[in-house]
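Just below is one structure, and these are the notes that go with it.
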Amino acid sequence: MKGKVVAPWQGNEQTAFLTNLFAKTYVNRTVSPLQIRLDIRDQWESQEGLVQKSVNSLEKTLGYKITPLVQWPEFYRALRETYPDNGVLVPTVVRLVAFVYDLLLARLERDGEGEWTEQLLDEMKKRAGWVLHIEVRASNSSMLSVLTTDNMGELLLEFPSRSMSSNASVQTALERDMDQFFSLVTPASVELEHEDGWDEIVPVKNDEASPIRHQGSPSVQATSQVPALESLPKPTDLFKVTLPYILRVDARTSPLVVECSHQQSLDLLVAYLGRWAKTNMRDSLKRPILKVTQKRSDFFLGIIDRVEIEQQFGNISSEPLNPAVILAFVEGILGYKETHTTGSIWTFKRLQLLTE
């Protein structure tokens with residue numbers, strides 16, 4: 001597929017989509033009206049449609065399958081005012097998803113994109129499976145974007161919460177975000193190459209410690225009312241600004257586990273360990289002595305809420321991991337305060353916002 005990609009969402013094509021045990025999503029019949037359910041069955045879950053062909057074409061060229069995932073009840077609730085005609089929503093999503101796959105394929109086949117393609121292939125081979133999460137963008141922006149999440153193996157397609165921009169604007173936004181794929185990646189393990197710039201982290205006193213800026217606690221008016229569900233943003237946005245931040249270090253077992261409600265705190269910890277990890281000179285591959293791995297949340301899509309730290313395979317040391325450096329980083333750099341410990345489990349809390 002060479003040449004210009006034509007945006008299809010204003011056409012009348014009958015579309016369909018990939019279904020298998022991994023990709024098929026549950027449709028809540030108490031939320032979605034009949035027309036939405038029929039379109040999901042006939043277009044999204046069909047094996048012979050536009051998106052299925054796009055997924056297969058990209059896989060044939062790339063060598064890896066990227067499986068699209070969408071939660072239809074959330075989509076319907078968020079977009080039913082933007083698309084009051086129930087017969088429009090599913091076909092629009094299907095056409096846009098196919099358009100994203102076609103743009104990726106066109107970029108792979110385009111002259112002059114060899115370096116970008118090599119970078120993509122390098123990232124692809126680090127995970128057994130890849131998915132494209134499709135979510136509704138929380139803001140009112142009408143631009144569509146594709147972003148790599150902090151845990152490679154996932155892409156995020158943010159569907160605009162209002163009517164679509166022009167074809168040219170959407171394509172321009174997508175191309176721009178694809179250009180930035182690799183600048184948005186946070187290393188999932190210290191085995192990855194170190195990113196430049198982390199040497200600017202200098203321990204200082206109190207709340208001036210890291211590239212994450214410390215912001216005073218916002219003035220919150222006490223209320224006896226539970227907030228309306230519709231007023232709460234999606235988890236990736238909610239827990240950036242929800243206080244207190246809770247962090248827990250568990251050193252009872254190997255791997256040592258760090259859990260946190262604020263993903264950006266974990267991102268900085270992982271990046272710092274990756275920057276300064278000691279190399280195991282007895283390892284023929286010269287890997288770091290410690291392996292640091294980010295883990296996806298069991299509760300929400302697109303969130304990292306746990307980090308596991310363990311000795312790299314092949315390291316002959318039998319010494320248990322010393323949690324002191326981690327504890328010092330949590331308190332001295334991130335500004336968390338210990339609230340409880342058993343001697344092997346530490347719980348921390350932070351009452352001020354951290355901003356990037």
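Labeling convention for the structure tokens: chains A, B, ... as they appear, residues from 1 per chain, ligands from 1 in order of appearance.
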
- If you run DSSP on this backbone, which residues of region 45-81 of chain A come out as strand (DSSP E), and could you give them as an NGL selection string? :A and (66-70)

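CA of Val70 (chain A) is found 22.9 Å from CA of Glu123 (chain A).
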
- Using only C-alpha atoms, the best pick from A:Glu175, A:Trp44, A:Ile333, A:Val292 as closest to Ala271 (chain A) would be A:Val292

- Query: Which polymer residues have any atom within 12 Å of an atom of Asn322 (chain A), counting only C-alpha atoms, with same-chain residues fewer than 6 positions away left out, as a PyMOL selection string?
  - Reply: chain A and resi 249-256+290+309-311+328+344

Would you save the residues from that selection as a PDB file, in the first residue's frame, using N, CA, C and O atoms?
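And here is the file that came out, again.pdb:
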ATOM      1  N   VAL A 249       6.560  -0.649  49.808  1.00  0.00           N
ATOM      2  CA  VAL A 249       7.742  -1.438  49.469  1.00  0.00           C
ATOM      3  C   VAL A 249       7.691  -2.744  50.248  1.00  0.00           C
ATOM      4  O   VAL A 249       7.578  -2.729  51.479  1.00  0.00           O
ATOM      5  N   ASP A 250       7.779  -3.858  49.543  1.00  0.00           N
ATOM      6  CA  ASP A 250       7.727  -5.187  50.163  1.00  0.00           C
ATOM      7  C   ASP A 250       9.027  -5.916  49.851  1.00  0.00           C
ATOM      8  O   ASP A 250       9.291  -6.286  48.702  1.00  0.00           O
ATOM      9  N   ALA A 251       9.866  -6.108  50.887  1.00  0.00           N
ATOM     10  CA  ALA A 251      11.164  -6.751  50.712  1.00  0.00           C
ATOM     11  C   ALA A 251      11.193  -8.167  51.282  1.00  0.00           C
ATOM     12  O   ALA A 251      12.255  -8.734  51.497  1.00  0.00           O
ATOM     13  N   ARG A 252      10.021  -8.758  51.514  1.00  0.00           N
ATOM     14  CA  ARG A 252       9.982 -10.093  52.116  1.00  0.00           C
ATOM     15  C   ARG A 252      10.430 -11.185  51.158  1.00  0.00           C
ATOM     16  O   ARG A 252      10.963 -12.208  51.585  1.00  0.00           O
ATOM     17  N   THR A 253      10.198 -10.974  49.884  1.00  0.00           N
ATOM     18  CA  THR A 253      10.487 -12.021  48.910  1.00  0.00           C
ATOM     19  C   THR A 253      11.313 -11.459  47.761  1.00  0.00           C
ATOM     20  O   THR A 253      11.563 -10.255  47.679  1.00  0.00           O
ATOM     21  N   SER A 254      11.760 -12.336  46.900  1.00  0.00           N
ATOM     22  CA  SER A 254      12.392 -11.918  45.648  1.00  0.00           C
ATOM     23  C   SER A 254      11.431 -12.250  44.511  1.00  0.00           C
ATOM     24  O   SER A 254      10.976 -13.389  44.407  1.00  0.00           O
ATOM     25  N   PRO A 255      11.067 -11.276  43.671  1.00  0.00           N
ATOM     26  CA  PRO A 255      11.617  -9.921  43.602  1.00  0.00           C
ATOM     27  C   PRO A 255      11.093  -9.001  44.696  1.00  0.00           C
ATOM     28  O   PRO A 255       9.999  -9.211  45.223  1.00  0.00           O
ATOM     29  N   LEU A 256      11.877  -7.967  45.002  1.00  0.00           N
ATOM     30  CA  LEU A 256      11.404  -6.881  45.831  1.00  0.00           C
ATOM     31  C   LEU A 256      10.339  -6.121  45.038  1.00  0.00           C
ATOM     32  O   LEU A 256      10.508  -5.885  43.838  1.00  0.00           O
ATOM     33  N   LEU A 290      20.891  -6.032  38.408  1.00  0.00           N
ATOM     34  CA  LEU A 290      19.490  -6.028  38.793  1.00  0.00           C
ATOM     35  C   LEU A 290      18.583  -5.888  37.574  1.00  0.00           C
ATOM     36  O   LEU A 290      18.885  -5.148  36.651  1.00  0.00           O
ATOM     37  N   ILE A 309      11.835  -5.715  41.403  1.00  0.00           N
ATOM     38  CA  ILE A 309      13.290  -5.579  41.338  1.00  0.00           C
ATOM     39  C   ILE A 309      13.907  -6.890  41.810  1.00  0.00           C
ATOM     40  O   ILE A 309      13.640  -7.341  42.929  1.00  0.00           O
ATOM     41  N   GLU A 310      14.741  -7.495  40.959  1.00  0.00           N
ATOM     42  CA  GLU A 310      15.339  -8.785  41.304  1.00  0.00           C
ATOM     43  C   GLU A 310      16.703  -8.901  40.652  1.00  0.00           C
ATOM     44  O   GLU A 310      17.070  -8.126  39.769  1.00  0.00           O
ATOM     45  N   GLN A 311      17.469  -9.902  41.080  1.00  0.00           N
ATOM     46  CA  GLN A 311      18.764 -10.149  40.476  1.00  0.00           C
ATOM     47  C   GLN A 311      18.582 -10.705  39.078  1.00  0.00           C
ATOM     48  O   GLN A 311      17.723 -11.563  38.845  1.00  0.00           O
ATOM     49  N   ALA A 328      15.399   5.259  50.631  1.00  0.00           N
ATOM     50  CA  ALA A 328      15.950   6.614  50.636  1.00  0.00           C
ATOM     51  C   ALA A 328      15.456   7.421  49.442  1.00  0.00           C
ATOM     52  O   ALA A 328      15.182   8.625  49.562  1.00  0.00           O
ATOM     53  N   SER A 344      10.029  -5.267  57.155  1.00  0.00           N
ATOM     54  CA  SER A 344      10.241  -5.810  55.811  1.00  0.00           C
ATOM     55  C   SER A 344       9.220  -5.276  54.809  1.00  0.00           C
ATOM     56  O   SER A 344       9.365  -5.465  53.611  1.00  0.00           O
TER      57      SER A 344
END

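The environment of Tyr336 (chain A) within 9 Å, counting only C-alpha atoms and disregarding residues fewer than 3 places along the same chain, consists of Tyr245, Ile246, Leu247, Val330, Glu331, Gly332, Ile333, Phe348, Lys349, Arg350 and Leu351 of chain A.
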
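Comparing the minimum interatomic distances between Pro288 (chain A) and each of A:Leu157, A:Leu96, A:Leu273, A:Ala78, counting only C-alpha atoms, we find that A:Leu273 sits nearest.
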